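S.K.: One structure, pasted below without further comment.
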Amino acid sequence: MDVAALAGSLKSLAADLPFLVLDTADGHFEAAQAELKESSRESNAEIGLHKLGAARERLGAARTRLGEAAEAIDDYLAAIGAGTTPAPAATAAPGAPAAAPAPVDPRQWWTDRVNQLCDRDGDPEPEKVPPTRLFNELLKAAGDGNADAYCKRLRDAGPETGVKLPGLAWPLVRSLAAEHLGRNPNASDVPALRDKCVAKVRSLVPKAEPVHVAEALASACTLGCGAGDDAARTAAIGPALVAALHRLPRQRPQDVHDRKTERRA
């Protein structure tokens with residue numbers, strides 16, 4: 001390959017470096033972070049903000065590497081007397097307005113994710129309701145075994161209210177687990193509780209895997225941090241898990257006393 005052909009290939013390669021793609025992706029991530037921060041303002045649920053931040057850091061590192069690659073190509077072309085590579089379109093002069101990323105629609109994301117988790121289809125009929133009312137309506141649907149109503153209420157609520165459900169569910173999960181066990185639950189109880197609850201939870205949220213139910217139980221019963229990074233899944237599991245635990249038999253204080261007496265004997 002002669003110098004002119006080599007230079008042409010390198011210039012074409014440099015022009016195709018995906019600066020614009022990375023900038024667009026970073027814009028989407030930034031918009032998603034803003035939406036999630038707003039939705040989680042009154043919720044203690046972990047909804048993936050730290051992972052979005054980490055993703056943006058990796059994008060920044062990739063952009064740096066691309067810049068270094070473009071600079072290396074320029075240096076090589078200059079060394080062989082073939083001129084410099086035109087600056088990529090994304091490296092506009094400082095202060096130039098960047099193209100606005102397409103807005104992230106948290107409502108559509110929530111609808112799609114809830115439909116996927118519940119293995120159903122449908123469009124939302126948005127209704128702004130207090131979190132406690134939504135929670136009670138979901139508990140009723142779960143208690144009745146009405147998976148269609150459960151999905152619809154969760155889908156209609158949207159992310160603004162939905163992300164607040166774990167804050168209502170986790171104290172009840174811990175309390176009901178304690179009533180079933182006759183003592184405060186701990187990490188060693190999670191596998192047994194999961195096995196007793198998973199069928200009921202998955203009858204309402206089919207795409208919630210046993211490991212996700214275990215994560216929710218661990219978060220509630222051990223006061224751990226978060227139940228995964230999927231806000232919709234965490235919200236969907238909460239009321240279903242409360243309903244499942246509510247069906248389990250409860251230990252009477254006398255039963256606990258009798259077991260302690262037997263162990264001492």
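Here, A, B, ... name the chains of the structure tokens in the order displayed, residue numbers run from 1 inside each chain, and ligands are numbered from 1 in the same displayed order.
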List as a PDB file with N, CA and C atoms, in the first residue's frame the protein and nucleic acid residues near A:Leu134, meaning an atom at most 10 Å away when only C-alpha atoms are counted, but skip any in the same chain fewer than 3 places from it.
M.R.:
ATOM      1  N   LYS A 128     -52.868   9.357  39.570  1.00  0.00           N
ATOM      2  CA  LYS A 128     -51.989   9.763  40.664  1.00  0.00           C
ATOM      3  C   LYS A 128     -52.679   9.435  41.980  1.00  0.00           C
ATOM      4  N   VAL A 129     -52.123   8.494  42.709  1.00  0.00           N
ATOM      5  CA  VAL A 129     -52.702   8.075  43.984  1.00  0.00           C
ATOM      6  C   VAL A 129     -51.616   8.120  45.054  1.00  0.00           C
ATOM      7  N   PRO A 130     -52.006   8.295  46.313  1.00  0.00           N
ATOM      8  CA  PRO A 130     -51.008   8.260  47.390  1.00  0.00           C
ATOM      9  C   PRO A 130     -50.365   6.881  47.469  1.00  0.00           C
ATOM     10  N   PRO A 131     -49.100   6.807  47.865  1.00  0.00           N
ATOM     11  CA  PRO A 131     -48.425   5.505  47.947  1.00  0.00           C
ATOM     12  C   PRO A 131     -49.140   4.509  48.850  1.00  0.00           C
ATOM     13  N   GLU A 137     -54.141  -1.287  47.643  1.00  0.00           N
ATOM     14  CA  GLU A 137     -54.816  -1.866  46.479  1.00  0.00           C
ATOM     15  C   GLU A 137     -54.027  -3.051  45.923  1.00  0.00           C
ATOM     16  N   LEU A 138     -52.708  -2.937  45.936  1.00  0.00           N
ATOM     17  CA  LEU A 138     -51.878  -4.052  45.476  1.00  0.00           C
ATOM     18  C   LEU A 138     -51.968  -5.232  46.437  1.00  0.00           C
ATOM     19  N   LEU A 139     -52.026  -4.957  47.733  1.00  0.00           N
ATOM     20  CA  LEU A 139     -52.188  -6.035  48.708  1.00  0.00           C
ATOM     21  C   LEU A 139     -53.504  -6.769  48.497  1.00  0.00           C
ATOM     22  N   LYS A 140     -54.554  -6.019  48.207  1.00  0.00           N
ATOM     23  CA  LYS A 140     -55.853  -6.659  47.973  1.00  0.00           C
ATOM     24  C   LYS A 140     -55.806  -7.538  46.722  1.00  0.00           C
ATOM     25  N   ARG A 153     -52.641  -2.048  38.357  1.00  0.00           N
ATOM     26  CA  ARG A 153     -52.483  -1.002  39.354  1.00  0.00           C
ATOM     27  C   ARG A 153     -51.034  -0.523  39.413  1.00  0.00           C
ATOM     28  N   LEU A 154     -50.110  -1.470  39.331  1.00  0.00           N
ATOM     29  CA  LEU A 154     -48.697  -1.108  39.375  1.00  0.00           C
ATOM     30  C   LEU A 154     -48.307  -0.312  38.134  1.00  0.00           C
ATOM     31  N   ASP A 156     -50.326   1.490  36.157  1.00  0.00           N
ATOM     32  CA  ASP A 156     -50.991   2.792  36.129  1.00  0.00           C
ATOM     33  C   ASP A 156     -50.333   3.796  37.072  1.00  0.00           C
ATOM     34  N   ALA A 157     -49.744   3.298  38.160  1.00  0.00           N
ATOM     35  CA  ALA A 157     -49.198   4.200  39.182  1.00  0.00           C
ATOM     36  C   ALA A 157     -48.005   4.992  38.674  1.00  0.00           C
ATOM     37  N   THR A 161     -44.811   7.132  42.006  1.00  0.00           N
ATOM     38  CA  THR A 161     -45.400   6.501  43.187  1.00  0.00           C
ATOM     39  C   THR A 161     -44.837   5.106  43.402  1.00  0.00           C
ATOM     40  N   GLY A 162     -44.581   4.398  42.316  1.00  0.00           N
ATOM     41  CA  GLY A 162     -44.143   3.009  42.423  1.00  0.00           C
ATOM     42  C   GLY A 162     -42.854   2.831  43.200  1.00  0.00           C
ATOM     43  N   LYS A 164     -41.856   4.204  45.697  1.00  0.00           N
ATOM     44  CA  LYS A 164     -42.036   4.373  47.143  1.00  0.00           C
ATOM     45  C   LYS A 164     -42.585   3.118  47.812  1.00  0.00           C
ATOM     46  N   LEU A 165     -42.964   2.121  47.028  1.00  0.00           N
ATOM     47  CA  LEU A 165     -43.566   0.912  47.596  1.00  0.00           C
ATOM     48  C   LEU A 165     -42.632   0.139  48.528  1.00  0.00           C
ATOM     49  N   PRO A 239     -45.243  -5.718  47.604  1.00  0.00           N
ATOM     50  CA  PRO A 239     -46.582  -6.099  48.068  1.00  0.00           C
ATOM     51  C   PRO A 239     -46.872  -7.589  47.898  1.00  0.00           C
TER      52      PRO A 239
END
S.K.: Please list as an mmCIF file with all heavy atoms, in the first residue's frame every residue within 10 Å of A:Asn186, counting only C-alpha atoms and excluding residues in the same chain fewer than 5 positions away.
M.R.:
data_model
loop_
_atom_site.group_PDB
_atom_site.id
_atom_site.type_symbol
_atom_site.label_atom_id
_atom_site.label_comp_id
_atom_site.auth_asym_id
_atom_site.auth_seq_id
_atom_site.Cartn_x
_atom_site.Cartn_y
_atom_site.Cartn_z
ATOM 1 N N ARG A 174 -40.515 -7.633 57.317
ATOM 2 C CA ARG A 174 -39.734 -7.995 58.508
ATOM 3 C C ARG A 174 -40.654 -8.404 59.660
ATOM 4 O O ARG A 174 -40.402 -9.398 60.350
ATOM 5 C CB ARG A 174 -38.854 -6.814 58.922
ATOM 6 C CG ARG A 174 -37.981 -7.101 60.137
ATOM 7 C CD ARG A 174 -37.004 -5.953 60.394
ATOM 8 N NE ARG A 174 -36.277 -6.149 61.630
ATOM 9 C CZ ARG A 174 -35.222 -6.935 61.765
ATOM 10 N NH1 ARG A 174 -34.768 -7.613 60.721
ATOM 11 N NH2 ARG A 174 -34.613 -7.055 62.925
ATOM 12 N N ALA A 177 -42.308 -11.816 58.898
ATOM 13 C CA ALA A 177 -41.313 -12.883 59.016
ATOM 14 C C ALA A 177 -41.045 -13.196 60.484
ATOM 15 O O ALA A 177 -40.911 -14.366 60.872
ATOM 16 C CB ALA A 177 -40.025 -12.473 58.310
ATOM 17 N N ALA A 178 -40.978 -12.159 61.311
ATOM 18 C CA ALA A 178 -40.752 -12.368 62.744
ATOM 19 C C ALA A 178 -41.923 -13.116 63.377
ATOM 20 O O ALA A 178 -41.728 -13.997 64.227
ATOM 21 C CB ALA A 178 -40.539 -11.020 63.432
ATOM 22 N N LEU A 217 -36.045 -10.218 50.506
ATOM 23 C CA LEU A 217 -36.129 -10.688 51.891
ATOM 24 C C LEU A 217 -34.892 -10.277 52.686
ATOM 25 O O LEU A 217 -35.001 -9.830 53.836
ATOM 26 C CB LEU A 217 -36.276 -12.210 51.912
ATOM 27 C CG LEU A 217 -37.670 -12.752 51.593
ATOM 28 C CD1 LEU A 217 -37.598 -14.232 51.238
ATOM 29 C CD2 LEU A 217 -38.609 -12.535 52.779
ATOM 30 N N ALA A 218 -33.736 -10.421 52.078
ATOM 31 C CA ALA A 218 -32.504 -10.053 52.775
ATOM 32 C C ALA A 218 -32.483 -8.566 53.090
ATOM 33 O O ALA A 218 -32.073 -8.148 54.180
ATOM 34 C CB ALA A 218 -31.293 -10.436 51.928
ATOM 35 N N ALA A 220 -35.052 -6.584 53.560
ATOM 36 C CA ALA A 220 -36.031 -6.260 54.595
ATOM 37 C C ALA A 220 -35.662 -6.865 55.943
ATOM 38 O O ALA A 220 -35.759 -6.206 56.979
ATOM 39 C CB ALA A 220 -37.412 -6.746 54.168
ATOM 40 N N CYS A 221 -35.238 -8.119 55.936
ATOM 41 C CA CYS A 221 -35.050 -8.845 57.194
ATOM 42 C C CYS A 221 -33.725 -8.542 57.877
ATOM 43 O O CYS A 221 -33.595 -8.691 59.088
ATOM 44 C CB CYS A 221 -35.163 -10.348 56.949
ATOM 45 S SG CYS A 221 -36.824 -10.873 56.467
ATOM 46 N N THR A 222 -32.730 -8.145 57.103
ATOM 47 C CA THR A 222 -31.425 -7.858 57.700
ATOM 48 C C THR A 222 -31.105 -6.378 57.665
ATOM 49 O O THR A 222 -29.990 -5.980 57.987
ATOM 50 C CB THR A 222 -30.316 -8.635 56.965
ATOM 51 O OG1 THR A 222 -30.195 -8.131 55.625
ATOM 52 C CG2 THR A 222 -30.625 -10.115 56.916
ATOM 53 N N LEU A 223 -32.101 -5.567 57.258
ATOM 54 C CA LEU A 223 -31.908 -4.119 57.147
ATOM 55 C C LEU A 223 -30.720 -3.806 56.251
ATOM 56 O O LEU A 223 -29.928 -2.899 56.518
ATOM 57 C CB LEU A 223 -31.710 -3.488 58.534
ATOM 58 C CG LEU A 223 -32.839 -3.757 59.542
ATOM 59 C CD1 LEU A 223 -32.533 -3.084 60.870
ATOM 60 C CD2 LEU A 223 -34.176 -3.287 58.996
#
S.K.: What's around A:Leu193 at 10 Å? Count only C-alpha atoms, leave out sequence neighbours fewer than 5 positions away in its own chain, and write the answer as a PDB file with N, CA, C and O atoms, in the first residue's frame.
M.R.:
ATOM      1  N   ALA A 177     -42.308 -11.816  58.898  1.00  0.00           N
ATOM      2  CA  ALA A 177     -41.313 -12.883  59.016  1.00  0.00           C
ATOM      3  C   ALA A 177     -41.045 -13.196  60.484  1.00  0.00           C
ATOM      4  O   ALA A 177     -40.911 -14.366  60.872  1.00  0.00           O
ATOM      5  N   HIS A 180     -43.859 -15.235  61.891  1.00  0.00           N
ATOM      6  CA  HIS A 180     -43.808 -16.622  61.426  1.00  0.00           C
ATOM      7  C   HIS A 180     -42.719 -17.411  62.152  1.00  0.00           C
ATOM      8  O   HIS A 180     -42.919 -18.577  62.518  1.00  0.00           O
ATOM      9  N   LEU A 181     -41.580 -16.763  62.381  1.00  0.00           N
ATOM     10  CA  LEU A 181     -40.448 -17.460  62.991  1.00  0.00           C
ATOM     11  C   LEU A 181     -40.515 -17.480  64.516  1.00  0.00           C
ATOM     12  O   LEU A 181     -39.885 -18.325  65.158  1.00  0.00           O
ATOM     13  N   PRO A 185     -36.024 -12.071  62.279  1.00  0.00           N
ATOM     14  CA  PRO A 185     -35.337 -12.838  61.229  1.00  0.00           C
ATOM     15  C   PRO A 185     -33.898 -12.378  61.057  1.00  0.00           C
ATOM     16  O   PRO A 185     -33.541 -11.250  61.386  1.00  0.00           O
ATOM     17  N   SER A 188     -29.709 -16.042  57.911  1.00  0.00           N
ATOM     18  CA  SER A 188     -29.809 -17.495  57.753  1.00  0.00           C
ATOM     19  C   SER A 188     -31.240 -17.955  57.475  1.00  0.00           C
ATOM     20  O   SER A 188     -31.455 -19.080  57.015  1.00  0.00           O
ATOM     21  N   VAL A 198     -41.836 -17.889  47.290  1.00  0.00           N
ATOM     22  CA  VAL A 198     -41.518 -17.608  45.894  1.00  0.00           C
ATOM     23  C   VAL A 198     -42.659 -17.961  44.944  1.00  0.00           C
ATOM     24  O   VAL A 198     -42.909 -17.240  43.964  1.00  0.00           O
ATOM     25  N   VAL A 213     -36.394 -12.620  44.848  1.00  0.00           N
ATOM     26  CA  VAL A 213     -37.192 -12.704  46.075  1.00  0.00           C
ATOM     27  C   VAL A 213     -36.267 -12.785  47.286  1.00  0.00           C
ATOM     28  O   VAL A 213     -36.508 -12.151  48.320  1.00  0.00           O
ATOM     29  N   ALA A 214     -35.189 -13.546  47.159  1.00  0.00           N
ATOM     30  CA  ALA A 214     -34.219 -13.651  48.255  1.00  0.00           C
ATOM     31  C   ALA A 214     -33.568 -12.301  48.540  1.00  0.00           C
ATOM     32  O   ALA A 214     -33.355 -11.934  49.704  1.00  0.00           O
ATOM     33  N   LEU A 217     -36.045 -10.218  50.506  1.00  0.00           N
ATOM     34  CA  LEU A 217     -36.129 -10.688  51.891  1.00  0.00           C
ATOM     35  C   LEU A 217     -34.892 -10.277  52.686  1.00  0.00           C
ATOM     36  O   LEU A 217     -35.001  -9.830  53.836  1.00  0.00           O
ATOM     37  N   ALA A 218     -33.736 -10.421  52.078  1.00  0.00           N
ATOM     38  CA  ALA A 218     -32.504 -10.053  52.775  1.00  0.00           C
ATOM     39  C   ALA A 218     -32.483  -8.566  53.090  1.00  0.00           C
ATOM     40  O   ALA A 218     -32.073  -8.148  54.180  1.00  0.00           O
ATOM     41  N   ALA A 244     -47.621 -12.923  50.499  1.00  0.00           N
ATOM     42  CA  ALA A 244     -47.161 -14.305  50.656  1.00  0.00           C
ATOM     43  C   ALA A 244     -46.828 -14.609  52.117  1.00  0.00           C
ATOM     44  O   ALA A 244     -47.190 -15.670  52.644  1.00  0.00           O
ATOM     45  N   LEU A 245     -46.147 -13.691  52.776  1.00  0.00           N
ATOM     46  CA  LEU A 245     -45.796 -13.898  54.185  1.00  0.00           C
ATOM     47  C   LEU A 245     -47.036 -13.898  55.073  1.00  0.00           C
ATOM     48  O   LEU A 245     -47.088 -14.600  56.088  1.00  0.00           O
ATOM     49  N   LEU A 248     -48.473 -17.295  55.748  1.00  0.00           N
ATOM     50  CA  LEU A 248     -47.718 -18.283  56.514  1.00  0.00           C
ATOM     51  C   LEU A 248     -48.242 -18.373  57.942  1.00  0.00           C
ATOM     52  O   LEU A 248     -48.723 -17.385  58.502  1.00  0.00           O
TER      53      LEU A 248
END
S.K.: If I take atom CA of A:Arg155 and atom CA of A:Val201, how far is one from the other in Å, to one decimal?
M.R.: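 Between atom CA of A:Arg155 and atom CA of A:Val201 the gap works out to 16.8 Å.
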S.K.: So how many Å separate atom CA of A:Arg247 and atom CA of A:Ser203, to one decimal?
M.R.: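 Atom-to-atom, atom CA of A:Arg247 to atom CA of A:Ser203, that is 14.2 Å.
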S.K.: Which residue is closest to A:Ala243? Choose from A:Asp123, A:Asp112, A:Asp144, A:Glu68 and count only C-alpha atoms.
M.R.: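 Among A:Asp123, A:Asp112, A:Asp144, A:Glu68, it is A:Asp144 that comes nearest to A:Ala243.
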S.K.: Which residue is closest to A:Ala199? Choose from A:Val163, A:Cys118, A:Ala240, A:Glu127 and count only C-alpha atoms.
M.R.: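 For A:Ala199, the nearest of the candidates is A:Ala240.
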S.K.: I need the residues in stretch 114-211 of chain A that are helix (DSSP H, G or I) according to DSSP; give them as an MDAnalysis selection string.
M.R.: chainID A and resid 114:118 131:144 147:162 165:181 187:204 210:211
S.K.: Could you please determine the separation between atom CA of A:Phe135 and atom CA of A:Val205 in Å, to one decimal place?
M.R.: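 Taking atom CA of A:Phe135 and atom CA of A:Val205, their separation equals 15.4 Å.
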S.K.: Of the candidates A:Lys152, A:Glu125, A:Ala147, A:His246, which shows the shortest atom-to-atom distance to A:Leu172, using only C-alpha atoms?
M.R.: A:His246
S.K.: Measuring between only C-alpha atoms, which one of A:Gly143, A:Pro249, A:Gly167, A:Gly67 shows the shortest distance to A:Gly182?
M.R.: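 Looking only at the distances to A:Gly182, the closest residue turns out to be A:Pro249.
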S.K.: Would you list the contacts of A:Leu66 as number ranges by chain, taking every protein, DNA or RNA residue within 10 Å and counting only C-alpha atoms, but skipping same-chain residues closer than 6 positions in sequence?
M.R.: A: 14, 17-19, 22, 60, 72
S.K.: Tell me which of A:Gln116, A:Trp109, A:Ala55, A:Glu160 sits closest to A:Lys37, counting only C-alpha atoms.
M.R.: A:Glu160
